[in-house]
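**Student:** Below is one structure. I have some questions about it.
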Amino acid sequence: MQQIPGGVSVPKTPELLRDFEQFKQLLKRRAGLDLDQYKFEQTYRRIYTMMERAGYQKFTDYFNHLAADEGRLRAFIDRLAINVSELFRNPEQFEILRTQVLPDLLKRSLHLKLWSAGSSYGAEAYSMAILLHELAPNRSHQILGTDIDQEVLERARRGVFAESDMRNVPAEYKQKYFRAFQENGRTLYEADPALKRYLKFERQNLLSDPYPQGFDLIACRNVVIYFSDEAKERIFREFYNALKPGGYLFLGNTERIFNYAQIGFENPSAFFYQKPQQEVQRWRSAS
Ligand SMILES: C[S@@+](CC[C@H](N)C(=O)[O-])C[C@H]1O[C@@H](n2cnc3c(N)ncnc32)[C@H](O)[C@@H]1O
């Protein structure tokens with residue numbers, strides 16, 4: 001047994017390490033995912049734990065189990081890419097945010113308070129900052145980004161993004177809100193201070209910490225997919241309480257709240273759940 005930073009110990013015999021090398025090669029060939037680009041200790045520990053939970057003792061046997069079902073293989077890859085994000089991820093969702101949700105909120109309030117829960121390195125929070133700055137510039141909006149992972153929060157505070165984060169950023173915004181520079185032969189993009197002044201990043205564990213309150217909008221996208229149904233339900237109820245009346249919860253494009261009405265939400269459009277407010281004139285999506 002070897003103690004790995006993070007407190008969890010998993011076996012690491014020469015046989016297992018050899019088997020893991022083979023697993024990596026098989027995965028690369030089958031799914032194009034190169035695990036050598038991931039931190040070894042973390043990846044090894046994570047995959048070992050997933051393998052053990054699925055009831056296997058050899059990585060290559062576990063690979064065969066994954067490869068037998070495309071959906072299973074996808075789910076495995078998604079779980080590994082746990083901090084994955086990008087600016088304007090699922091642009092069609094941001095379009096609804098830009099054209100319907102934020103204008104609706106801005107009708108009622110001059111200054112908006114938004115929360116990107118499970119923000120990773122901040123791409124979602126910076127995307128929301130751009131839209132808010134476009135729609136209602138130079139107001140004292142507040143955007144809070146929270147994550148369980150301190151390392152990504154440090155990156156979020158820097159506001160520096162790789163080329164791969166930028167592929168959905170409209171050319172106009174890329175030019176207006178980012179400064180391109182070179183670092184170690186790579187082109188990176190630093191967000192403009194005009195965006196940074198809206199943003200604050202703090203550590204918060206959605207499963208155990210108190211929830212900040214009083215938000216017009218909470219984005220929690222591609223985070224709860226890793227949680228049990230009980231945990232998800234608790235989190236959605238906490239979000240409901242943390243929203244102002246008329247506020248919105250914004251989920252990822254594969255996520256749904258089936259019992260939203262029981263919690264108290266309305267569902268004016270795919271991905272968006274709204275806490276009702278009697279006097280609010282609600283919009284409905286055309287679809
Ligand atoms: C796939 S990223 C999603 C980033 C962004 N929301 C997006 O959709 O692009 C999921 C993030 O959730 C964070 N996370 C996982 N468990 C969490 C927890 N219990 N509390 C807070 N954040 C958590 C991870 O650290 C990771 O950065």
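Every chain in the structure tokens has a letter given in the order shown (A, B, ...), and although residue numbers restart at 1 in each chain, ligands are simply numbered from 1 in the order shown.
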Which residues sit within 7 Å of ligand 1, counting only C-alpha atoms and all ligand atoms, listed as a list in words?
**Tutor:** Ala81, Ile82, Asn83, Val84, Ser85, Glu86, Arg89, Ser116, Ala117, Gly118, Ser119, Ser120, Tyr121, Ala123, Glu124, Thr146, Asp147, Ile148, Asp149, Val152, Gln204, Asn205, Leu206, Leu207, Cys220, Arg221, Asn222, Val223 and Gly252 of chain A
**Student:** Let's have the selection written as a PDB file, in the first residue's frame, with C-alpha atoms.
**Tutor:**
```pdb
ATOM      1  CA  ALA A  81     -12.500  14.947 -16.678  1.00  0.00           C
ATOM      2  CA  ILE A  82     -13.808  16.235 -13.415  1.00  0.00           C
ATOM      3  CA  ASN A  83     -12.492  19.839 -13.665  1.00  0.00           C
ATOM      4  CA  VAL A  84     -13.246  20.183 -17.343  1.00  0.00           C
ATOM      5  CA  SER A  85     -14.798  23.482 -18.348  1.00  0.00           C
ATOM      6  CA  GLU A  86     -14.604  26.124 -21.050  1.00  0.00           C
ATOM      7  CA  ARG A  89     -19.775  25.845 -22.643  1.00  0.00           C
ATOM      8  CA  SER A 116     -21.311  29.759 -10.227  1.00  0.00           C
ATOM      9  CA  ALA A 117     -21.426  26.710  -7.917  1.00  0.00           C
ATOM     10  CA  GLY A 118     -18.764  24.149  -8.891  1.00  0.00           C
ATOM     11  CA  SER A 119     -17.047  26.842 -10.912  1.00  0.00           C
ATOM     12  CA  SER A 120     -13.868  24.878 -11.635  1.00  0.00           C
ATOM     13  CA  TYR A 121     -11.257  27.368 -12.932  1.00  0.00           C
ATOM     14  CA  ALA A 123     -14.751  29.765 -17.243  1.00  0.00           C
ATOM     15  CA  GLU A 124     -18.483  29.779 -16.475  1.00  0.00           C
ATOM     16  CA  THR A 146     -17.125  28.394  -5.578  1.00  0.00           C
ATOM     17  CA  ASP A 147     -15.493  25.003  -5.819  1.00  0.00           C
ATOM     18  CA  ILE A 148     -14.256  22.265  -3.526  1.00  0.00           C
ATOM     19  CA  ASP A 149     -10.863  22.286  -5.269  1.00  0.00           C
ATOM     20  CA  VAL A 152      -8.815  25.454  -9.622  1.00  0.00           C
ATOM     21  CA  GLN A 204     -17.297  25.793  -0.679  1.00  0.00           C
ATOM     22  CA  ASN A 205     -18.236  22.136  -0.492  1.00  0.00           C
ATOM     23  CA  LEU A 206     -21.781  21.716  -1.787  1.00  0.00           C
ATOM     24  CA  LEU A 207     -22.153  18.523   0.220  1.00  0.00           C
ATOM     25  CA  CYS A 220     -24.566  24.714 -11.139  1.00  0.00           C
ATOM     26  CA  ARG A 221     -23.659  22.912 -14.325  1.00  0.00           C
ATOM     27  CA  ASN A 222     -21.952  19.565 -14.775  1.00  0.00           C
ATOM     28  CA  VAL A 223     -21.297  19.231 -11.045  1.00  0.00           C
ATOM     29  CA  GLY A 252     -26.045  21.623 -17.403  1.00  0.00           C
TER      30      GLY A 252
END
```
**Student:** If you run DSSP on the backbone, which residues of region 195-271 of chain A are helix (DSSP H, G or I), as a VMD selection string?
**Tutor:** chain A and resid 195 to 196 224 to 226 229 to 242 260 to 263
**Student:** Could you list, as a ChimeraX atom specification, every residue within 10 Å of region 18-24 of chain A, counting only C-alpha atoms and ignoring same-chain residues fewer than 5 positions away?
**Tutor:** /A:12-13,29-30,33-36,44,47-48,58-64
**Student:** Output the selection as an mmCIF file, in the first residue's frame - C-alpha atoms for each residue.
**Tutor:**
```cif
data_model
loop_
_atom_site.group_PDB
_atom_site.id
_atom_site.type_symbol
_atom_site.label_atom_id
_atom_site.label_comp_id
_atom_site.auth_asym_id
_atom_site.auth_seq_id
_atom_site.Cartn_x
_atom_site.Cartn_y
_atom_site.Cartn_z
ATOM 1 C CA LYS A 12 0.408 -0.031 -6.201
ATOM 2 C CA THR A 13 2.287 -3.262 -6.916
ATOM 3 C CA ARG A 29 -6.498 3.504 -28.812
ATOM 4 C CA ARG A 30 -10.205 3.022 -28.174
ATOM 5 C CA LEU A 33 -7.975 9.771 -24.302
ATOM 6 C CA ASP A 34 -4.349 10.153 -23.338
ATOM 7 C CA LEU A 35 -4.069 9.617 -19.599
ATOM 8 C CA ASP A 36 -0.395 10.526 -19.696
ATOM 9 C CA TYR A 44 -4.264 6.223 -10.816
ATOM 10 C CA ILE A 47 -9.334 4.861 -11.671
ATOM 11 C CA TYR A 48 -8.285 2.300 -9.089
ATOM 12 C CA LYS A 58 -7.207 -5.847 -12.864
ATOM 13 C CA PHE A 59 -7.230 -2.657 -14.920
ATOM 14 C CA THR A 60 -7.359 -4.585 -18.203
ATOM 15 C CA ASP A 61 -10.453 -6.526 -17.035
ATOM 16 C CA TYR A 62 -12.009 -3.222 -16.041
ATOM 17 C CA PHE A 63 -11.193 -1.831 -19.485
ATOM 18 C CA ASN A 64 -13.039 -4.726 -21.156
#
```
**Student:** Please determine, counting only C-alpha atoms, which residue among A:Val169, A:Leu102, A:Leu97, A:Ala162 has the shortest atom-to-atom distance to His141 (chain A).
**Tutor:**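 For His141 (chain A), the nearest of the given residues is A:Leu102.
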**Student:** Taking 3 positions as the minimum chain separation for residues in the same chain, which residues sit within 10 Å of Glu238 (chain A) when counting only C-alpha atoms? Answer as a PyMOL selection string.
**Tutor:** chain A and resi 206+210-213+232-235+241-243+263
**Student:** I want to know what sits within 10 Å of region 99-101 of chain A, based on only C-alpha atoms, with residues of the same chain fewer than 3 positions away left out; could you give that as a PDB file with N, CA and C atoms, in the first residue's frame?
**Tutor:**
```pdb
ATOM      1  N   PHE A  94     -26.123  29.580 -23.076  1.00  0.00           N
ATOM      2  CA  PHE A  94     -25.741  30.968 -22.793  1.00  0.00           C
ATOM      3  C   PHE A  94     -26.573  31.959 -23.614  1.00  0.00           C
ATOM      4  N   GLU A  95     -27.051  31.491 -24.762  1.00  0.00           N
ATOM      5  CA  GLU A  95     -27.897  32.343 -25.587  1.00  0.00           C
ATOM      6  C   GLU A  95     -29.234  32.600 -24.881  1.00  0.00           C
ATOM      7  N   ILE A  96     -29.780  31.566 -24.237  1.00  0.00           N
ATOM      8  CA  ILE A  96     -31.032  31.748 -23.470  1.00  0.00           C
ATOM      9  C   ILE A  96     -30.760  32.684 -22.279  1.00  0.00           C
ATOM     10  N   ASP A 104     -34.673  39.440 -18.083  1.00  0.00           N
ATOM     11  CA  ASP A 104     -35.798  39.327 -17.151  1.00  0.00           C
ATOM     12  C   ASP A 104     -35.366  39.782 -15.752  1.00  0.00           C
ATOM     13  N   LEU A 105     -34.194  39.327 -15.325  1.00  0.00           N
ATOM     14  CA  LEU A 105     -33.701  39.699 -13.993  1.00  0.00           C
ATOM     15  C   LEU A 105     -33.369  41.186 -13.925  1.00  0.00           C
ATOM     16  N   LEU A 106     -32.821  41.719 -15.013  1.00  0.00           N
ATOM     17  CA  LEU A 106     -32.410  43.131 -15.014  1.00  0.00           C
ATOM     18  C   LEU A 106     -33.609  44.080 -15.025  1.00  0.00           C
ATOM     19  N   LEU A 131     -21.460  38.557 -20.239  1.00  0.00           N
ATOM     20  CA  LEU A 131     -22.851  38.843 -20.622  1.00  0.00           C
ATOM     21  C   LEU A 131     -23.438  39.965 -19.775  1.00  0.00           C
ATOM     22  N   LEU A 135     -24.781  43.596 -21.091  1.00  0.00           N
ATOM     23  CA  LEU A 135     -26.188  43.988 -20.941  1.00  0.00           C
ATOM     24  C   LEU A 135     -26.371  45.184 -20.003  1.00  0.00           C
ATOM     25  N   LEU A 217     -29.393  34.460  -9.587  1.00  0.00           N
ATOM     26  CA  LEU A 217     -29.186  33.298 -10.453  1.00  0.00           C
ATOM     27  C   LEU A 217     -28.069  32.424  -9.890  1.00  0.00           C
ATOM     28  N   GLY A 247     -35.810  34.237  -8.793  1.00  0.00           N
ATOM     29  CA  GLY A 247     -34.451  33.882  -9.226  1.00  0.00           C
ATOM     30  C   GLY A 247     -34.417  32.551  -9.975  1.00  0.00           C
ATOM     31  N   TYR A 248     -33.320  32.324 -10.684  1.00  0.00           N
ATOM     32  CA  TYR A 248     -33.207  31.143 -11.555  1.00  0.00           C
ATOM     33  C   TYR A 248     -32.063  30.222 -11.136  1.00  0.00           C
ATOM     34  N   PHE A 250     -29.676  27.450 -12.979  1.00  0.00           N
ATOM     35  CA  PHE A 250     -29.220  27.156 -14.342  1.00  0.00           C
ATOM     36  C   PHE A 250     -28.408  25.854 -14.289  1.00  0.00           C
ATOM     37  N   PRO A 268     -39.417  27.236 -16.729  1.00  0.00           N
ATOM     38  CA  PRO A 268     -39.829  28.017 -17.894  1.00  0.00           C
ATOM     39  C   PRO A 268     -39.112  27.631 -19.179  1.00  0.00           C
ATOM     40  N   SER A 269     -37.972  26.971 -19.079  1.00  0.00           N
ATOM     41  CA  SER A 269     -37.235  26.588 -20.281  1.00  0.00           C
ATOM     42  C   SER A 269     -36.286  25.462 -19.903  1.00  0.00           C
ATOM     43  N   PHE A 272     -33.366  25.771 -17.189  1.00  0.00           N
ATOM     44  CA  PHE A 272     -33.609  26.848 -16.216  1.00  0.00           C
ATOM     45  C   PHE A 272     -34.816  26.544 -15.334  1.00  0.00           C
ATOM     46  N   GLN A 274     -37.082  28.184 -12.097  1.00  0.00           N
ATOM     47  CA  GLN A 274     -37.299  29.490 -11.478  1.00  0.00           C
ATOM     48  C   GLN A 274     -38.069  29.371 -10.172  1.00  0.00           C
ATOM     49  N   ARG A 282     -43.675  36.209 -15.815  1.00  0.00           N
ATOM     50  CA  ARG A 282     -42.687  35.249 -16.296  1.00  0.00           C
ATOM     51  C   ARG A 282     -42.715  35.085 -17.800  1.00  0.00           C
ATOM     52  N   TRP A 283     -41.537  34.923 -18.412  1.00  0.00           N
ATOM     53  CA  TRP A 283     -41.456  34.599 -19.831  1.00  0.00           C
ATOM     54  C   TRP A 283     -41.567  33.106 -20.004  1.00  0.00           C
ATOM     55  N   ARG A 284     -41.992  32.697 -21.161  1.00  0.00           N
ATOM     56  CA  ARG A 284     -42.055  31.269 -21.500  1.00  0.00           C
ATOM     57  C   ARG A 284     -41.231  31.076 -22.759  1.00  0.00           C
ATOM     58  N   SER A 285     -40.499  29.950 -22.835  1.00  0.00           N
ATOM     59  CA  SER A 285     -39.729  29.735 -24.058  1.00  0.00           C
ATOM     60  C   SER A 285     -40.689  29.404 -25.187  1.00  0.00           C
TER      61      SER A 285
END
```
**Student:** Would you mind writing down, as a PDB file with N, CA and C atoms, in the first residue's frame, each residue of region 125-263 of chain A that DSSP on the backbone assigns to strand (DSSP E)?
**Tutor:**
```pdb
ATOM      1  N   GLN A 142     -22.402  41.297  -8.620  1.00  0.00           N
ATOM      2  CA  GLN A 142     -21.455  40.418  -7.911  1.00  0.00           C
ATOM      3  C   GLN A 142     -21.600  39.008  -8.464  1.00  0.00           C
ATOM      4  N   ILE A 143     -20.472  38.398  -8.771  1.00  0.00           N
ATOM      5  CA  ILE A 143     -20.496  37.006  -9.234  1.00  0.00           C
ATOM      6  C   ILE A 143     -19.560  36.204  -8.338  1.00  0.00           C
ATOM      7  N   LEU A 144     -20.150  35.245  -7.645  1.00  0.00           N
ATOM      8  CA  LEU A 144     -19.359  34.395  -6.757  1.00  0.00           C
ATOM      9  C   LEU A 144     -19.105  33.065  -7.458  1.00  0.00           C
ATOM     10  N   GLY A 145     -17.859  32.640  -7.469  1.00  0.00           N
ATOM     11  CA  GLY A 145     -17.515  31.307  -7.986  1.00  0.00           C
ATOM     12  C   GLY A 145     -17.049  30.472  -6.810  1.00  0.00           C
ATOM     13  N   THR A 146     -17.579  29.264  -6.676  1.00  0.00           N
ATOM     14  CA  THR A 146     -17.125  28.394  -5.578  1.00  0.00           C
ATOM     15  C   THR A 146     -16.803  27.010  -6.114  1.00  0.00           C
ATOM     16  N   ASP A 147     -15.866  26.361  -5.450  1.00  0.00           N
ATOM     17  CA  ASP A 147     -15.493  25.003  -5.819  1.00  0.00           C
ATOM     18  C   ASP A 147     -14.886  24.338  -4.588  1.00  0.00           C
ATOM     19  N   VAL A 160      -6.847  33.349 -16.324  1.00  0.00           N
ATOM     20  CA  VAL A 160      -6.057  33.092 -17.536  1.00  0.00           C
ATOM     21  C   VAL A 160      -6.548  31.780 -18.153  1.00  0.00           C
ATOM     22  N   PHE A 161      -6.830  31.830 -19.450  1.00  0.00           N
ATOM     23  CA  PHE A 161      -7.433  30.674 -20.122  1.00  0.00           C
ATOM     24  C   PHE A 161      -6.587  30.212 -21.300  1.00  0.00           C
ATOM     25  N   ALA A 162      -6.692  28.903 -21.574  1.00  0.00           N
ATOM     26  CA  ALA A 162      -5.965  28.315 -22.703  1.00  0.00           C
ATOM     27  C   ALA A 162      -6.790  28.476 -23.978  1.00  0.00           C
ATOM     28  N   PHE A 178     -10.246  39.973 -23.686  1.00  0.00           N
ATOM     29  CA  PHE A 178      -9.080  39.145 -23.372  1.00  0.00           C
ATOM     30  C   PHE A 178      -7.812  39.704 -23.988  1.00  0.00           C
ATOM     31  N   ARG A 179      -6.722  39.566 -23.217  1.00  0.00           N
ATOM     32  CA  ARG A 179      -5.404  39.967 -23.726  1.00  0.00           C
ATOM     33  C   ARG A 179      -4.624  38.688 -23.980  1.00  0.00           C
ATOM     34  N   ALA A 180      -4.235  38.489 -25.240  1.00  0.00           N
ATOM     35  CA  ALA A 180      -3.469  37.279 -25.586  1.00  0.00           C
ATOM     36  C   ALA A 180      -1.997  37.500 -25.236  1.00  0.00           C
ATOM     37  N   PHE A 181      -1.355  36.459 -24.692  1.00  0.00           N
ATOM     38  CA  PHE A 181       0.084  36.534 -24.438  1.00  0.00           C
ATOM     39  C   PHE A 181       0.685  35.139 -24.562  1.00  0.00           C
ATOM     40  N   GLN A 182       2.014  35.101 -24.644  1.00  0.00           N
ATOM     41  CA  GLN A 182       2.717  33.823 -24.819  1.00  0.00           C
ATOM     42  C   GLN A 182       3.303  33.367 -23.492  1.00  0.00           C
ATOM     43  N   GLU A 183       3.161  32.068 -23.203  1.00  0.00           N
ATOM     44  CA  GLU A 183       3.830  31.501 -22.023  1.00  0.00           C
ATOM     45  C   GLU A 183       4.268  30.089 -22.368  1.00  0.00           C
ATOM     46  N   ARG A 186       3.008  28.701 -25.531  1.00  0.00           N
ATOM     47  CA  ARG A 186       1.551  28.577 -25.734  1.00  0.00           C
ATOM     48  C   ARG A 186       0.907  29.953 -25.717  1.00  0.00           C
ATOM     49  N   THR A 187      -0.167  30.101 -26.492  1.00  0.00           N
ATOM     50  CA  THR A 187      -0.912  31.355 -26.416  1.00  0.00           C
ATOM     51  C   THR A 187      -1.955  31.220 -25.314  1.00  0.00           C
ATOM     52  N   LEU A 188      -1.929  32.168 -24.385  1.00  0.00           N
ATOM     53  CA  LEU A 188      -2.916  32.177 -23.295  1.00  0.00           C
ATOM     54  C   LEU A 188      -3.703  33.488 -23.356  1.00  0.00           C
ATOM     55  N   TYR A 189      -4.841  33.503 -22.672  1.00  0.00           N
ATOM     56  CA  TYR A 189      -5.726  34.668 -22.732  1.00  0.00           C
ATOM     57  C   TYR A 189      -6.078  35.117 -21.321  1.00  0.00           C
ATOM     58  N   GLU A 190      -5.728  36.367 -21.005  1.00  0.00           N
ATOM     59  CA  GLU A 190      -6.070  36.880 -19.672  1.00  0.00           C
ATOM     60  C   GLU A 190      -7.314  37.755 -19.749  1.00  0.00           C
ATOM     61  N   ALA A 191      -8.238  37.502 -18.838  1.00  0.00           N
ATOM     62  CA  ALA A 191      -9.493  38.267 -18.812  1.00  0.00           C
ATOM     63  C   ALA A 191      -9.228  39.710 -18.378  1.00  0.00           C
ATOM     64  N   LEU A 199     -15.979  39.644  -9.915  1.00  0.00           N
ATOM     65  CA  LEU A 199     -15.820  38.231  -9.528  1.00  0.00           C
ATOM     66  C   LEU A 199     -15.103  38.016  -8.208  1.00  0.00           C
ATOM     67  N   LYS A 200     -15.552  36.989  -7.505  1.00  0.00           N
ATOM     68  CA  LYS A 200     -14.886  36.572  -6.273  1.00  0.00           C
ATOM     69  C   LYS A 200     -14.926  35.047  -6.246  1.00  0.00           C
ATOM     70  N   PHE A 201     -13.815  34.404  -5.877  1.00  0.00           N
ATOM     71  CA  PHE A 201     -13.783  32.938  -5.848  1.00  0.00           C
ATOM     72  C   PHE A 201     -13.471  32.457  -4.432  1.00  0.00           C
ATOM     73  N   GLU A 202     -14.295  31.531  -3.955  1.00  0.00           N
ATOM     74  CA  GLU A 202     -14.130  31.024  -2.586  1.00  0.00           C
ATOM     75  C   GLU A 202     -14.344  29.528  -2.558  1.00  0.00           C
ATOM     76  N   ARG A 203     -13.725  28.877  -1.570  1.00  0.00           N
ATOM     77  CA  ARG A 203     -13.951  27.434  -1.452  1.00  0.00           C
ATOM     78  C   ARG A 203     -15.292  27.168  -0.774  1.00  0.00           C
ATOM     79  N   PHE A 215     -29.391  35.045  -4.047  1.00  0.00           N
ATOM     80  CA  PHE A 215     -28.927  35.131  -5.438  1.00  0.00           C
ATOM     81  C   PHE A 215     -30.079  35.325  -6.426  1.00  0.00           C
ATOM     82  N   ASP A 216     -29.775  36.083  -7.484  1.00  0.00           N
ATOM     83  CA  ASP A 216     -30.710  36.212  -8.601  1.00  0.00           C
ATOM     84  C   ASP A 216     -30.593  35.013  -9.520  1.00  0.00           C
ATOM     85  N   LEU A 217     -29.393  34.460  -9.587  1.00  0.00           N
ATOM     86  CA  LEU A 217     -29.186  33.298 -10.453  1.00  0.00           C
ATOM     87  C   LEU A 217     -28.069  32.424  -9.890  1.00  0.00           C
ATOM     88  N   ILE A 218     -28.316  31.116  -9.881  1.00  0.00           N
ATOM     89  CA  ILE A 218     -27.271  30.161  -9.496  1.00  0.00           C
ATOM     90  C   ILE A 218     -27.030  29.236 -10.684  1.00  0.00           C
ATOM     91  N   ALA A 219     -25.804  29.201 -11.175  1.00  0.00           N
ATOM     92  CA  ALA A 219     -25.436  28.236 -12.216  1.00  0.00           C
ATOM     93  C   ALA A 219     -24.735  27.086 -11.514  1.00  0.00           C
ATOM     94  N   CYS A 220     -25.253  25.893 -11.675  1.00  0.00           N
ATOM     95  CA  CYS A 220     -24.566  24.714 -11.139  1.00  0.00           C
ATOM     96  C   CYS A 220     -24.621  23.671 -12.246  1.00  0.00           C
ATOM     97  N   LEU A 243     -31.977  31.206  -3.452  1.00  0.00           N
ATOM     98  CA  LEU A 243     -32.406  32.132  -4.508  1.00  0.00           C
ATOM     99  C   LEU A 243     -33.382  33.165  -3.957  1.00  0.00           C
ATOM    100  N   LYS A 244     -33.333  34.349  -4.553  1.00  0.00           N
ATOM    101  CA  LYS A 244     -34.372  35.347  -4.262  1.00  0.00           C
ATOM    102  C   LYS A 244     -35.652  34.903  -4.972  1.00  0.00           C
ATOM    103  N   PRO A 245     -36.823  35.339  -4.530  1.00  0.00           N
ATOM    104  CA  PRO A 245     -38.034  35.050  -5.304  1.00  0.00           C
ATOM    105  C   PRO A 245     -37.851  35.566  -6.738  1.00  0.00           C
ATOM    106  N   GLY A 246     -38.241  34.745  -7.697  1.00  0.00           N
ATOM    107  CA  GLY A 246     -38.065  35.128  -9.109  1.00  0.00           C
ATOM    108  C   GLY A 246     -36.689  34.750  -9.662  1.00  0.00           C
ATOM    109  N   GLY A 247     -35.810  34.237  -8.793  1.00  0.00           N
ATOM    110  CA  GLY A 247     -34.451  33.882  -9.226  1.00  0.00           C
ATOM    111  C   GLY A 247     -34.417  32.551  -9.975  1.00  0.00           C
ATOM    112  N   TYR A 248     -33.320  32.324 -10.684  1.00  0.00           N
ATOM    113  CA  TYR A 248     -33.207  31.143 -11.555  1.00  0.00           C
ATOM    114  C   TYR A 248     -32.063  30.222 -11.136  1.00  0.00           C
ATOM    115  N   LEU A 249     -32.321  28.925 -11.308  1.00  0.00           N
ATOM    116  CA  LEU A 249     -31.260  27.917 -11.210  1.00  0.00           C
ATOM    117  C   LEU A 249     -30.956  27.443 -12.629  1.00  0.00           C
ATOM    118  N   PHE A 250     -29.676  27.450 -12.979  1.00  0.00           N
ATOM    119  CA  PHE A 250     -29.220  27.156 -14.342  1.00  0.00           C
ATOM    120  C   PHE A 250     -28.408  25.854 -14.289  1.00  0.00           C
ATOM    121  N   LEU A 251     -28.929  24.797 -14.958  1.00  0.00           N
ATOM    122  CA  LEU A 251     -28.251  23.480 -14.906  1.00  0.00           C
ATOM    123  C   LEU A 251     -27.541  23.155 -16.224  1.00  0.00           C
TER     124      LEU A 251
END
```
**Student:** Between A:Arg53, A:Arg79, A:Arg157, A:Lys176, which one has atoms that come closest to Phe227 (chain A), using only C-alpha atoms?
**Tutor:** A:Arg79
**Student:** Here is a test: counting only C-alpha atoms, which residue of A:Leu132, A:Ile225, A:Ser9, A:Ser127 is nearest to Lys174 (chain A)?
**Tutor:**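 Among the listed residues, the smallest separation from Lys174 (chain A) belongs to A:Ser127.
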**Student:** Could you please determine the separation between CA of Phe258 (chain A) and CA of Tyr273 (chain A) in Å, to one decimal place?
**Tutor:**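 According to the coordinates, CA of Phe258 (chain A) and CA of Tyr273 (chain A) are separated by 11.0 Å.
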**Student:** Check the smallest atom-to-atom distance from each of A:Phe236, A:Phe265, A:Tyr126, A:Tyr260 to Asp165 (chain A) using only C-alpha atoms, then report the winner.
**Tutor:**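 Closest to Asp165 (chain A) of all the choices is A:Tyr126.
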